[in-house]
$ cat start-v3.pdb   # PDB, C-alpha atoms
ATOM      1  CA  MET A   1     173.958-117.147 117.243
ATOM      2  CA  LEU A   2     174.223-113.383 117.644
ATOM      3  CA  THR A   3     177.740-112.013 117.529
ATOM      4  CA  LEU A   4     178.702-108.449 118.295
ATOM      5  CA  THR A   5     182.245-107.369 117.566
ATOM      6  CA  ASP A   6     183.712-104.135 118.883
ATOM      7  CA  VAL A   7     180.433-102.222 118.528
ATOM      8  CA  ALA A   8     180.583 -98.490 119.229
ATOM      9  CA  LYS A   9     177.922 -95.827 119.067
ATOM     10  CA  THR A  10     178.282 -92.101 119.608
ATOM     11  CA  TYR A  11     175.229 -89.871 119.241
ATOM     12  CA  ALA A  12     175.221 -86.607 117.340
ATOM     13  CA  ASN A  13     175.357 -84.651 120.588
ATOM     14  CA  GLY A  14     178.699 -86.245 121.394
ATOM     15  CA  VAL A  15     177.504 -88.743 123.978
ATOM     16  CA  GLN A  16     179.318 -92.044 123.575
ATOM     17  CA  ALA A  17     176.770 -94.683 124.498
ATOM     18  CA  LEU A  18     178.645 -97.812 123.405
ATOM     19  CA  ARG A  19     182.363 -98.539 123.161
ATOM     20  CA  GLY A  20     184.009-101.786 122.228
ATOM     21  CA  ILE A  21     181.039-104.064 122.898
ATOM     22  CA  SER A  22     181.804-107.654 121.944
ATOM     23  CA  LEU A  23     179.360-110.447 122.747
ATOM     24  CA  ARG A  24     178.449-113.926 121.582
ATOM     25  CA  ILE A  25     174.876-114.831 122.458
ATOM     26  CA  ASP A  26     173.628-118.353 121.806
ATOM     27  CA  HIS A  27     170.087-119.705 121.963
ATOM     28  CA  GLY A  28     168.284-119.156 125.232
ATOM     29  CA  LEU A  29     167.788-116.329 127.653
ATOM     30  CA  PHE A  30     170.343-113.597 128.001
ATOM     31  CA  GLY A  31     170.139-110.861 130.621
ATOM     32  CA  LEU A  32     171.638-107.448 130.165
ATOM     33  CA  LEU A  33     172.202-105.702 133.471
ATOM     34  CA  GLY A  34     173.633-102.282 134.188
ATOM     35  CA  PRO A  35     172.938 -98.935 135.819
ATOM     36  CA  ASN A  36     170.989 -96.140 134.143
ATOM     37  CA  GLY A  37     172.956 -94.714 131.247
ATOM     38  CA  ALA A  38     175.071 -97.818 130.802
ATOM     39  CA  GLY A  39     173.883 -98.169 127.197
ATOM     40  CA  LYS A  40     171.495-101.124 127.487
ATOM     41  CA  SER A  41     168.738 -99.443 125.494
ATOM     42  CA  THR A  42     171.204 -98.135 122.919
ATOM     43  CA  LEU A  43     172.517-101.650 122.443
ATOM     44  CA  MET A  44     168.987-103.066 122.088
ATOM     45  CA  ARG A  45     168.005-100.338 119.627
ATOM     46  CA  THR A  46     171.121-101.120 117.601
ATOM     47  CA  ILE A  47     170.450-104.853 117.581
ATOM     48  CA  ALA A  48     166.866-104.078 116.533
ATOM     49  CA  THR A  49     168.321-102.127 113.531
ATOM     50  CA  LEU A  50     166.641 -98.938 114.677
ATOM     51  CA  GLN A  51     170.031 -97.248 114.479
ATOM     52  CA  GLU A  52     173.413 -98.211 113.067
ATOM     53  CA  PRO A  53     176.601 -98.355 115.108
ATOM     54  CA  ASN A  54     179.474 -96.036 114.236
ATOM     55  CA  SER A  55     181.811 -98.996 114.096
ATOM     56  CA  GLY A  56     181.886-102.710 114.722
ATOM     57  CA  SER A  57     179.695-105.472 113.387
ATOM     58  CA  ILE A  58     176.583-107.337 114.463
ATOM     59  CA  VAL A  59     176.084-110.730 112.872
ATOM     60  CA  PHE A  60     173.040-112.942 113.305
ATOM     61  CA  GLY A  61     172.926-116.394 111.772
ATOM     62  CA  GLY A  62     176.080-115.725 109.815
ATOM     63  CA  THR A  63     174.828-112.492 108.196
ATOM     64  CA  SER A  64     175.280-108.885 109.187
ATOM     65  CA  ILE A  65     171.942-107.578 110.428
ATOM     66  CA  PHE A  66     172.509-104.338 108.507
ATOM     67  CA  ALA A  67     173.043-106.161 105.211
ATOM     68  CA  ASP A  68     169.288-106.781 105.060
ATOM     69  CA  PRO A  69     167.540-105.106 108.020
ATOM     70  CA  THR A  70     164.102-106.050 106.705
ATOM     71  CA  ALA A  71     164.937-109.758 106.761
ATOM     72  CA  HIS A  72     166.372-109.352 110.268
ATOM     73  CA  ARG A  73     163.222-107.601 111.494
ATOM     74  CA  ARG A  74     161.066-110.467 110.220
ATOM     75  CA  ARG A  75     162.752-112.702 112.793
ATOM     76  CA  LEU A  76     162.883-110.070 115.488
ATOM     77  CA  GLY A  77     160.683-109.652 118.519
ATOM     78  CA  TYR A  78     161.368-106.324 120.127
ATOM     79  CA  LEU A  79     159.544-104.554 122.942
ATOM     80  CA  PRO A  80     161.050-101.241 124.019
ATOM     81  CA  GLN A  81     161.511-100.429 127.667
ATOM     82  CA  ASP A  82     159.243 -97.428 127.506
ATOM     83  CA  PHE A  83     156.291 -97.202 125.161
ATOM     84  CA  ASP A  84     152.663 -96.175 125.025
ATOM     85  CA  VAL A  85     149.772 -97.218 122.790
ATOM     86  CA  TYR A  86     147.362 -95.396 120.516
ATOM     87  CA  PRO A  87     144.425 -94.095 122.549
ATOM     88  CA  GLY A  88     141.014 -95.645 122.087
ATOM     89  CA  ILE A  89     142.274 -98.825 120.463
ATOM     90  CA  ALA A  90     141.656-102.252 121.948
ATOM     91  CA  ALA A  91     144.631-104.435 122.792
ATOM     92  CA  ILE A  92     143.481-107.041 120.302
ATOM     93  CA  ASP A  93     143.252-104.479 117.502
ATOM     94  CA  LEU A  94     146.662-103.029 118.296
ATOM     95  CA  LEU A  95     148.266-106.464 118.297
ATOM     96  CA  ASP A  96     146.473-107.278 115.068
ATOM     97  CA  HIS A  97     147.852-104.091 113.502
ATOM     98  CA  LEU A  98     151.374-104.889 114.676
ATOM     99  CA  ALA A  99     150.999-108.429 113.346
ATOM    100  CA  VAL A 100     150.084-107.030 109.926
ATOM    101  CA  LEU A 101     153.198-104.863 109.982
ATOM    102  CA  LYS A 102     155.140-107.917 111.043
ATOM    103  CA  GLY A 103     154.072-109.669 107.878
ATOM    104  CA  LEU A 104     151.249-111.933 109.058
ATOM    105  CA  THR A 105     148.987-111.338 106.092
ATOM    106  CA  ASP A 106     146.583-114.260 106.525
ATOM    107  CA  ARG A 107     143.711-112.652 108.399
ATOM    108  CA  HIS A 108     142.316-115.762 110.080
ATOM    109  CA  ALA A 109     145.692-117.162 111.079
ATOM    110  CA  ARG A 110     146.753-113.769 112.389
ATOM    111  CA  ARG A 111     143.575-113.320 114.408
ATOM    112  CA  ALA A 112     143.904-116.786 115.889
ATOM    113  CA  GLN A 113     147.510-116.127 116.872
ATOM    114  CA  VAL A 114     146.688-112.779 118.438
ATOM    115  CA  GLU A 115     143.778-114.238 120.390
ATOM    116  CA  ALA A 116     145.909-117.144 121.547
ATOM    117  CA  LEU A 117     148.580-114.769 122.798
ATOM    118  CA  LEU A 118     146.077-112.557 124.574
ATOM    119  CA  THR A 119     144.387-115.557 126.142
ATOM    120  CA  LYS A 120     147.711-116.818 127.372
ATOM    121  CA  TRP A 121     148.773-113.443 128.720
ATOM    122  CA  SER A 122     145.505-112.139 130.103
ATOM    123  CA  PRO A 123     142.097-113.545 129.108
ATOM    124  CA  SER A 124     140.426-110.325 130.236
ATOM    125  CA  TYR A 125     141.887-108.506 127.223
ATOM    126  CA  LEU A 126     139.698-110.592 124.955
ATOM    127  CA  LEU A 127     136.704-108.813 126.467
ATOM    128  CA  GLN A 128     137.988-105.625 124.935
ATOM    129  CA  ARG A 129     136.725-106.756 121.550
ATOM    130  CA  CYS A 130     133.421-105.225 122.580
ATOM    131  CA  PRO A 131     133.624-101.684 121.164
ATOM    132  CA  ARG A 132     131.445-100.153 123.844
ATOM    133  CA  ASN A 133     133.158-101.910 126.705
ATOM    134  CA  SER A 134     134.416 -99.357 129.194
ATOM    135  CA  ALA A 135     137.598-101.382 129.570
ATOM    136  CA  ARG A 136     138.415-100.835 125.908
ATOM    137  CA  ARG A 137     140.819 -98.042 126.655
ATOM    138  CA  GLN A 138     142.628-100.083 129.248
ATOM    139  CA  ARG A 139     146.188-100.776 128.288
ATOM    140  CA  PRO A 140     148.808-103.068 129.696
ATOM    141  CA  SER A 141     150.647-101.527 132.603
ATOM    142  CA  THR A 142     153.472-104.018 132.503
ATOM    143  CA  GLY A 143     155.226-106.039 129.881
ATOM    144  CA  PRO A 144     158.531-107.521 128.914
ATOM    145  CA  THR A 145     161.227-104.925 128.462
ATOM    146  CA  SER A 146     164.290-104.706 126.347
TER     147      SER A 146
ATOM    148  CA  MET B   1     116.053 -69.081  99.978
ATOM    149  CA  SER B   2     118.941 -67.246  98.311
ATOM    150  CA  THR B   3     122.597 -68.017  97.928
ATOM    151  CA  GLN B   4     125.615 -65.791  98.400
ATOM    152  CA  PHE B   5     127.560 -67.531  95.676
ATOM    153  CA  GLY B   6     127.724 -66.807  91.992
ATOM    154  CA  PRO B   7     125.783 -64.434  89.798
ATOM    155  CA  ALA B   8     122.049 -64.117  90.416
ATOM    156  CA  SER B   9     121.344 -65.489  86.975
ATOM    157  CA  ALA B  10     123.186 -68.757  87.630
ATOM    158  CA  ALA B  11     121.282 -71.816  88.814
ATOM    159  CA  ILE B  12     122.108 -72.852  92.351
ATOM    160  CA  ASN B  13     122.603 -76.463  91.326
ATOM    161  CA  GLY B  14     124.168 -75.537  88.013
ATOM    162  CA  PRO B  15     127.798 -76.240  87.124
ATOM    163  CA  TYR B  16     129.081 -72.734  87.956
ATOM    164  CA  ILE B  17     127.778 -72.446  91.506
ATOM    165  CA  VAL B  18     128.368 -76.130  92.248
ATOM    166  CA  THR B  19     132.014 -75.776  91.201
ATOM    167  CA  GLU B  20     132.395 -72.550  93.149
ATOM    168  CA  THR B  21     130.820 -74.015  96.277
ATOM    169  CA  VAL B  22     132.918 -77.156  96.054
ATOM    170  CA  GLY B  23     135.996 -74.974  95.693
ATOM    171  CA  ILE B  24     135.083 -73.151  98.879
ATOM    172  CA  ILE B  25     134.542 -76.464 100.669
ATOM    173  CA  THR B  26     138.034 -77.581  99.684
ATOM    174  CA  LEU B  27     139.314 -74.210 100.858
ATOM    175  CA  VAL B  28     137.897 -74.850 104.297
ATOM    176  CA  SER B  29     139.216 -78.403 104.298
ATOM    177  CA  VAL B  30     142.793 -77.120 104.474
ATOM    178  CA  PHE B  31     142.151 -76.456 108.158
ATOM    179  CA  ALA B  32     140.918 -80.003 108.741
ATOM    180  CA  LEU B  33     143.677 -81.721 106.755
ATOM    181  CA  PRO B  34     146.425 -81.009 109.318
ATOM    182  CA  MET B  35     144.565 -83.108 111.870
ATOM    183  CA  LEU B  36     144.511 -86.075 109.499
ATOM    184  CA  CYS B  37     148.161 -85.590 108.545
ATOM    185  CA  ILE B  38     149.296 -85.189 112.147
ATOM    186  CA  SER B  39     147.364 -88.258 113.182
ATOM    187  CA  ALA B  40     149.016 -90.285 110.436
ATOM    188  CA  ALA B  41     152.555 -88.924 110.580
ATOM    189  CA  VAL B  42     153.162 -87.820 114.155
ATOM    190  CA  ARG B  43     151.129 -90.180 116.297
ATOM    191  CA  ASP B  44     153.877 -92.806 116.537
ATOM    192  CA  ASP B  45     156.086 -90.247 118.256
ATOM    193  CA  GLU B  46     153.224 -88.747 120.221
ATOM    194  CA  TYR B  47     152.304 -92.106 121.713
ATOM    195  CA  ARG B  48     155.896 -93.362 121.916
ATOM    196  CA  ILE B  49     155.220 -96.396 119.770
ATOM    197  CA  ARG B  50     157.700 -95.457 117.069
ATOM    198  CA  GLU B  51     160.272 -98.056 118.095
ATOM    199  CA  LEU B  52     157.699-100.836 118.043
ATOM    200  CA  ILE B  53     156.596 -99.867 114.548
ATOM    201  CA  GLY B  54     160.168 -99.235 113.408
ATOM    202  CA  SER B  55     161.292-102.728 114.385
ATOM    203  CA  THR B  56     158.794-104.357 112.011
ATOM    204  CA  PRO B  57     159.833-105.409 108.485
ATOM    205  CA  VAL B  58     157.808-102.623 106.895
ATOM    206  CA  LEU B  59     160.096-100.040 105.307
ATOM    207  CA  ARG B  60     159.651 -96.480 106.431
ATOM    208  CA  GLY B  61     158.828 -95.387 102.893
ATOM    209  CA  GLN B  62     156.093 -98.018 102.638
ATOM    210  CA  LEU B  63     154.677 -96.992 105.993
ATOM    211  CA  LEU B  64     154.645 -93.297 105.094
ATOM    212  CA  ALA B  65     153.130 -93.987 101.667
ATOM    213  CA  SER B  66     150.379 -96.237 103.021
ATOM    214  CA  ARG B  67     149.449 -93.707 105.659
ATOM    215  CA  PHE B  68     149.415 -90.917 103.090
ATOM    216  CA  VAL B  69     146.983 -92.938 101.000
ATOM    217  CA  GLY B  70     144.841 -93.256 104.128
ATOM    218  CA  VAL B  71     144.943 -89.496 104.689
ATOM    219  CA  LEU B  72     144.018 -88.834 101.073
ATOM    220  CA  LEU B  73     141.138 -91.310 101.052
ATOM    221  CA  ALA B  74     139.807 -89.939 104.357
ATOM    222  CA  ALA B  75     139.970 -86.373 103.031
ATOM    223  CA  LEU B  76     138.224 -87.349  99.793
ATOM    224  CA  ALA B  77     135.570 -89.231 101.759
ATOM    225  CA  VAL B  78     134.871 -86.218 103.957
ATOM    226  CA  VAL B  79     134.607 -83.768 101.057
ATOM    227  CA  GLY B  80     132.703 -86.341  99.008
ATOM    228  CA  SER B  81     130.166 -86.694 101.816
ATOM    229  CA  SER B  82     129.677 -82.948 101.919
ATOM    230  CA  MET B  83     129.104 -83.002  98.160
ATOM    231  CA  VAL B  84     126.335 -85.556  98.602
ATOM    232  CA  VAL B  85     124.692 -83.148 101.038
ATOM    233  CA  LEU B  86     125.292 -80.313  98.569
ATOM    234  CA  ALA B  87     123.613 -82.318  95.802
ATOM    235  CA  ALA B  88     120.647 -83.170  97.992
ATOM    236  CA  SER B  89     120.144 -79.736  99.530
ATOM    237  CA  PRO B  90     118.296 -78.099  96.580
ATOM    238  CA  PHE B  91     115.634 -80.775  96.911
ATOM    239  CA  VAL B  92     115.334 -80.362 100.675
ATOM    240  CA  LEU B  93     115.653 -76.608 101.141
ATOM    241  CA  GLY B  94     113.021 -74.184  99.955
ATOM    242  CA  ILE B  95     114.803 -72.731  96.928
ATOM    243  CA  ARG B  96     112.903 -70.823  94.267
ATOM    244  CA  ALA B  97     112.240 -72.958  91.234
ATOM    245  CA  ASP B  98     113.637 -70.320  88.865
ATOM    246  CA  ARG B  99     117.071 -70.694  90.537
ATOM    247  CA  LEU B 100     117.186 -74.455  89.916
ATOM    248  CA  VAL B 101     117.906 -76.617  86.923
ATOM    249  CA  ALA B 102     117.391 -80.340  86.459
ATOM    250  CA  PHE B 103     119.798 -82.444  88.520
ATOM    251  CA  HIS B 104     122.926 -83.328  86.568
ATOM    252  CA  PRO B 105     125.415 -85.595  88.377
ATOM    253  CA  THR B 106     128.126 -84.492  85.952
ATOM    254  CA  SER B 107     128.224 -81.047  87.609
ATOM    255  CA  TYR B 108     129.236 -82.656  90.885
ATOM    256  CA  VAL B 109     131.443 -85.344  89.389
ATOM    257  CA  SER B 110     133.401 -82.859  87.290
ATOM    258  CA  ALA B 111     133.797 -80.485  90.261
ATOM    259  CA  PHE B 112     135.032 -83.408  92.347
ATOM    260  CA  ALA B 113     137.471 -84.491  89.654
ATOM    261  CA  MET B 114     138.711 -81.022  88.708
ATOM    262  CA  LEU B 115     138.868 -79.326  92.106
ATOM    263  CA  VAL B 116     138.515 -81.733  95.007
ATOM    264  CA  VAL B 117     140.930 -84.455  93.917
ATOM    265  CA  PRO B 118     143.767 -82.127  92.820
ATOM    266  CA  ASN B 119     143.293 -79.849  95.832
ATOM    267  CA  ALA B 120     143.207 -82.737  98.271
ATOM    268  CA  LEU B 121     146.234 -84.322  96.631
ATOM    269  CA  PHE B 122     148.234 -81.089  96.681
ATOM    270  CA  CYS B 123     147.309 -79.935 100.179
ATOM    271  CA  ALA B 124     147.513 -83.398 101.742
ATOM    272  CA  ALA B 125     150.899 -84.060 100.127
ATOM    273  CA  LEU B 126     152.327 -80.751 101.306
ATOM    274  CA  LEU B 127     150.950 -80.973 104.831
ATOM    275  CA  TYR B 128     151.881 -84.636 105.165
ATOM    276  CA  LEU B 129     155.404 -83.831 104.020
ATOM    277  CA  VAL B 130     155.692 -81.129 106.678
ATOM    278  CA  ALA B 131     154.179 -83.388 109.341
ATOM    279  CA  ALA B 132     156.398 -86.361 108.489
ATOM    280  CA  ALA B 133     159.583 -84.312 108.140
ATOM    281  CA  SER B 134     159.124 -82.067 111.156
ATOM    282  CA  ARG B 135     157.071 -84.400 113.361
ATOM    283  CA  SER B 136     155.628 -81.182 114.687
ATOM    284  CA  THR B 137     151.950 -80.404 115.174
ATOM    285  CA  LEU B 138     152.654 -76.671 115.206
ATOM    286  CA  ALA B 139     154.671 -76.734 111.978
ATOM    287  CA  THR B 140     151.885 -78.635 110.226
ATOM    288  CA  PHE B 141     149.239 -76.114 111.244
ATOM    289  CA  VAL B 142     151.536 -73.248 110.237
ATOM    290  CA  ALA B 143     151.927 -74.895 106.820
ATOM    291  CA  SER B 144     148.149 -75.066 106.426
ATOM    292  CA  ILE B 145     147.912 -71.357 107.215
ATOM    293  CA  ALA B 146     150.661 -70.670 104.676
ATOM    294  CA  ILE B 147     148.659 -72.519 102.019
ATOM    295  CA  TYR B 148     145.611 -70.445 102.882
ATOM    296  CA  ILE B 149     147.634 -67.227 102.694
ATOM    297  CA  GLY B 150     148.836 -68.362  99.274
ATOM    298  CA  TYR B 151     145.238 -68.679  98.211
ATOM    299  CA  ALA B 152     144.278 -65.293  99.712
ATOM    300  CA  VAL B 153     147.091 -63.485  97.880
ATOM    301  CA  THR B 154     146.241 -65.047  94.528
ATOM    302  CA  ALA B 155     142.532 -64.442  95.110
ATOM    303  CA  MET B 156     143.242 -60.742  95.563
ATOM    304  CA  MET B 157     145.366 -60.753  92.414
ATOM    305  CA  VAL B 158     142.581 -62.287  90.361
ATOM    306  CA  ASP B 159     139.856 -60.066  91.818
ATOM    307  CA  SER B 160     138.064 -63.112  93.125
ATOM    308  CA  PRO B 161     134.332 -62.680  93.762
ATOM    309  CA  LEU B 162     135.075 -64.122  97.201
ATOM    310  CA  MET B 163     137.400 -61.206  98.040
ATOM    311  CA  ALA B 164     135.520 -57.926  98.216
ATOM    312  CA  GLY B 165     137.194 -54.634  97.391
ATOM    313  CA  THR B 166     140.135 -55.864  95.379
ATOM    314  CA  ARG B 167     141.389 -53.827  92.479
ATOM    315  CA  PRO B 168     140.664 -54.739  88.857
ATOM    316  CA  PRO B 169     143.336 -57.198  87.719
ATOM    317  CA  THR B 170     145.408 -57.055  84.595
ATOM    318  CA  PRO B 171     145.444 -60.048  82.217
ATOM    319  CA  GLU B 172     149.013 -60.788  83.327
ATOM    320  CA  LEU B 173     148.012 -60.848  86.987
ATOM    321  CA  LEU B 174     145.021 -63.013  86.164
ATOM    322  CA  ALA B 175     147.192 -65.554  84.380
ATOM    323  CA  ARG B 176     149.776 -65.570  87.166
ATOM    324  CA  ALA B 177     147.180 -65.937  89.903
ATOM    325  CA  ALA B 178     145.513 -68.767  88.030
ATOM    326  CA  LEU B 179     148.805 -70.624  88.025
ATOM    327  CA  LEU B 180     149.760 -69.802  91.619
ATOM    328  CA  ASP B 181     146.453 -70.395  93.401
ATOM    329  CA  PRO B 182     146.906 -73.695  95.269
ATOM    330  CA  PHE B 183     143.164 -74.345  95.214
ATOM    331  CA  GLY B 184     142.433 -73.684  91.551
ATOM    332  CA  LEU B 185     139.683 -71.228  92.418
ATOM    333  CA  SER B 186     141.518 -68.338  90.769
ATOM    334  CA  ALA B 187     141.863 -70.402  87.613
ATOM    335  CA  PHE B 188     138.151 -71.163  87.775
ATOM    336  CA  PHE B 189     137.228 -67.486  88.113
ATOM    337  CA  GLU B 190     139.728 -66.526  85.447
ATOM    338  CA  GLN B 191     138.324 -69.091  83.021
ATOM    339  CA  THR B 192     134.689 -68.165  83.729
ATOM    340  CA  ARG B 193     135.234 -64.419  83.888
ATOM    341  CA  TYR B 194     133.313 -63.511  80.748
TER     342      TYR B 194
END
$ encode --input "start-v3.pdb" --output "structure tokens"
Amino acid sequence: MLTLTDVAKTYANGVQALRGISLRIDHGLFGLLGPNGAGKSTLMRTIATLQEPNSGSIVFGGTSIFADPTAHRRRLGYLPQDFDVYPGIAAIDLLDHLAVLKGLTDRHARRAQVEALLTKWSPSYLLQRCPRNSARRQRPSTGPTS
Amino acid sequence: MSTQFGPASAAINGPYIVTETVGIITLVSVFALPMLCISAAVRDDEYRIRELIGSTPVLRGQLLASRFVGVLLAALAVVGSSMVVLAASPFVLGIRADRLVAFHPTSYVSAFAMLVVPNALFCAALLYLVAAASRSTLATFVASIAIYIGYAVTAMMVDSPLMAGTRPPTPELLARAALLDPFGLSAFFEQTRY
């Protein structure tokens, strides 16, 4: 259960992106809809502990996410709306690197998980393991967004 | 074949010229270090992947430290490789036998330990700090130029053999330049002056 109570965020330039956001989100899918500038990305960045709110609280599993952001990030899957990738790196290597940062330290288990995910998403990305493959620099053009 | 470095009486693969040459190599490396530092410290912003990295459990301090270690090891590997070439060159190039001495690995090892490691550590730390704090490619390159200017000023103060036409230094200037020179070359020339 994720509970947001009266969350507010105002940036240094004076723009108030969030004001009085209160939500209770249970297990399952939850859609966040709104026009550009409504504060969707700000809210996602805040829930991802990339920035702290000016006021209000965000509690996940009974604990404030800012009490131990590292522990929260271990359970977090976050894909920003707009991102790029390092040039010249294969998708499998990038995912492997992110998995290391995520805390998957067992090399074989991590590799198997990454390959399973790539196979499920797009088997063609597995071909990019070949370092001289011309498709190596290909990167995903679409993906889940925040 | 002749060399431009060191006194004519010194052996080309002797400790003096090896140390001097290695010092010059580290001097040049200050212009390559920004690229390593920028790649390590700024690329997350450059390729807009900062949020993905930032949402992982790795603390920012750990991330910065691990990447700095990578920068340092890469810099040491590059300079170390050039030292291998430097060590091999007297045997490959046609150098007069009277300018050579028997190969002593300690000349290269001590130059690496006394000049390369401290210089790489100092320059990489400073440039990485600028790159990580400013997240600016331009600021990092400007910092590398500032380090070089720092060397040039102290080299003039110490009447470095690498700086032609400088005035004879006083002992006080020599001591100050030896302490201020970020590359340790002034200290080397000051210590080997007589």
$ closest_residue --input "start-v3.pdb" --among "A:Glu52, A:Asp6, A:Asp26, A:Asp82" --to "chain B" --atoms "only C-alpha atoms"
A:Asp82
$ resolve_selection --input "start-v3.pdb" --expression "the PyMOL selection byres ((chain B) within 8 of (chain A))" --output "PyMOL selection string"
chain B and resi 43+47-49+51-59
$ axis_aligned_box --input "start-v3.pdb" --around "segment 82-99 of chain A" --padding-each-side "4 Å" --output "JSON"
{"center_x": 150.1, "center_y": -101.3, "center_z": 120.4, "size_x": 26.2, "size_y": 22.3, "size_z": 22.2}
$ atom_distance --input "start-v3.pdb" --atom1 "atom CA of Leu72 of chain B" --atom2 "atom CA of Thr26 of chain B"
12.8 Å
$ atom_distance --input "start-v3.pdb" --atom1 "atom CA of Ala87 of chain B" --atom2 "atom CA of Phe103 of chain B"
8.2 Å
$ residues_around --input "start-v3.pdb" --residues "Thr154 of chain B" --least-positions-apart "3" --cutoff "7 Å" --atoms "only C-alpha atoms" --output "ChimeraX atom specification"
/B:150-151,157-158,177,180-181,186
$ resolve_selection --input "start-v3.pdb" --expression "the PyMOL selection byres ((chain A and resi 96) around 10)" --output "short mmCIF file (atom, residue, chain, number, x, y, z; two decimals) with C-alpha atoms, in the frame of the given file"
data_model
loop_
_atom_site.label_atom_id
_atom_site.label_comp_id
_atom_site.auth_asym_id
_atom_site.auth_seq_id
_atom_site.Cartn_x
_atom_site.Cartn_y
_atom_site.Cartn_z
CA ALA A 90 141.66 -102.25 121.95
CA ALA A 91 144.63 -104.44 122.79
CA ILE A 92 143.48 -107.04 120.30
CA ASP A 93 143.25 -104.48 117.50
CA LEU A 94 146.66 -103.03 118.30
CA LEU A 95 148.27 -106.46 118.30
CA HIS A 97 147.85 -104.09 113.50
CA LEU A 98 151.37 -104.89 114.68
CA ALA A 99 151.00 -108.43 113.35
CA VAL A 100 150.08 -107.03 109.93
CA LEU A 101 153.20 -104.86 109.98
CA LYS A 102 155.14 -107.92 111.04
CA LEU A 104 151.25 -111.93 109.06
CA ARG A 107 143.71 -112.65 108.40
CA ARG A 110 146.75 -113.77 112.39
CA ARG A 111 143.57 -113.32 114.41
CA ALA A 112 143.90 -116.79 115.89
CA GLN A 113 147.51 -116.13 116.87
CA VAL A 114 146.69 -112.78 118.44
CA GLU A 115 143.78 -114.24 120.39
#
$ closest_residue --input "start-v3.pdb" --among "B:Val18, B:Ala132, B:Ala125, B:Arg193" --to "Pro105 of chain B" --atoms "all atoms listed in the file"
B:Val18
$ resolve_selection --input "start-v3.pdb" --expression "the PyMOL selection byres ((chain B and resi 35) around 10)" --output "list in words"
Val30, Phe31, Ala32, Leu33, Pro34, Leu36, Cys37, Ile38, Ser39, Ala40, Ala41, Val71, Leu127, Ala131, Thr137, Thr140 and Phe141 of chain B
$ residues_around --input "start-v3.pdb" --residues "Asn54 of chain A" --least-positions-apart "6" --cutoff "8 Å" --atoms "all atoms listed in the file" --output "PyMOL selection string"
chain A and resi 7-10
$ atom_distance --input "start-v3.pdb" --atom1 "atom CA of Thr5 of chain A" --atom2 "atom CA of Ile65 of chain A"
12.5 Å
$ residues_near_point --input "start-v3.pdb" --point "(127.4, -80.8, 87.2)" --cutoff "10 Å" --atoms "only C-alpha atoms" --output "list in words"
Asn13, Gly14, Pro15, Tyr16, Ile17, Val18, Thr19, Ala87, Phe103, His104, Pro105, Thr106, Ser107, Tyr108, Val109, Ser110, Ala111 and Phe112 of chain B
$ write_last_selection --input "start-v3.pdb" --atoms "C-alpha atoms" --output "CSV table (one decimal), in the frame of the given file"
chain,number,residue,atom,x,y,z
B,13,ASN,CA,122.6,-76.5,91.3
B,14,GLY,CA,124.2,-75.5,88.0
B,15,PRO,CA,127.8,-76.2,87.1
B,16,TYR,CA,129.1,-72.7,88.0
B,17,ILE,CA,127.8,-72.4,91.5
B,18,VAL,CA,128.4,-76.1,92.2
B,19,THR,CA,132.0,-75.8,91.2
B,87,ALA,CA,123.6,-82.3,95.8
B,103,PHE,CA,119.8,-82.4,88.5
B,104,HIS,CA,122.9,-83.3,86.6
B,105,PRO,CA,125.4,-85.6,88.4
B,106,THR,CA,128.1,-84.5,86.0
B,107,SER,CA,128.2,-81.0,87.6
B,108,TYR,CA,129.2,-82.7,90.9
B,109,VAL,CA,131.4,-85.3,89.4
B,110,SER,CA,133.4,-82.9,87.3
B,111,ALA,CA,133.8,-80.5,90.3
B,112,PHE,CA,135.0,-83.4,92.3
$ residues_around --input "start-v3.pdb" --residues "Ile58 of chain A" --least-positions-apart "6" --cutoff "6 Å" --atoms "only C-alpha atoms" --output "list in words"
Thr3, Leu4 and Ser64 of chain A
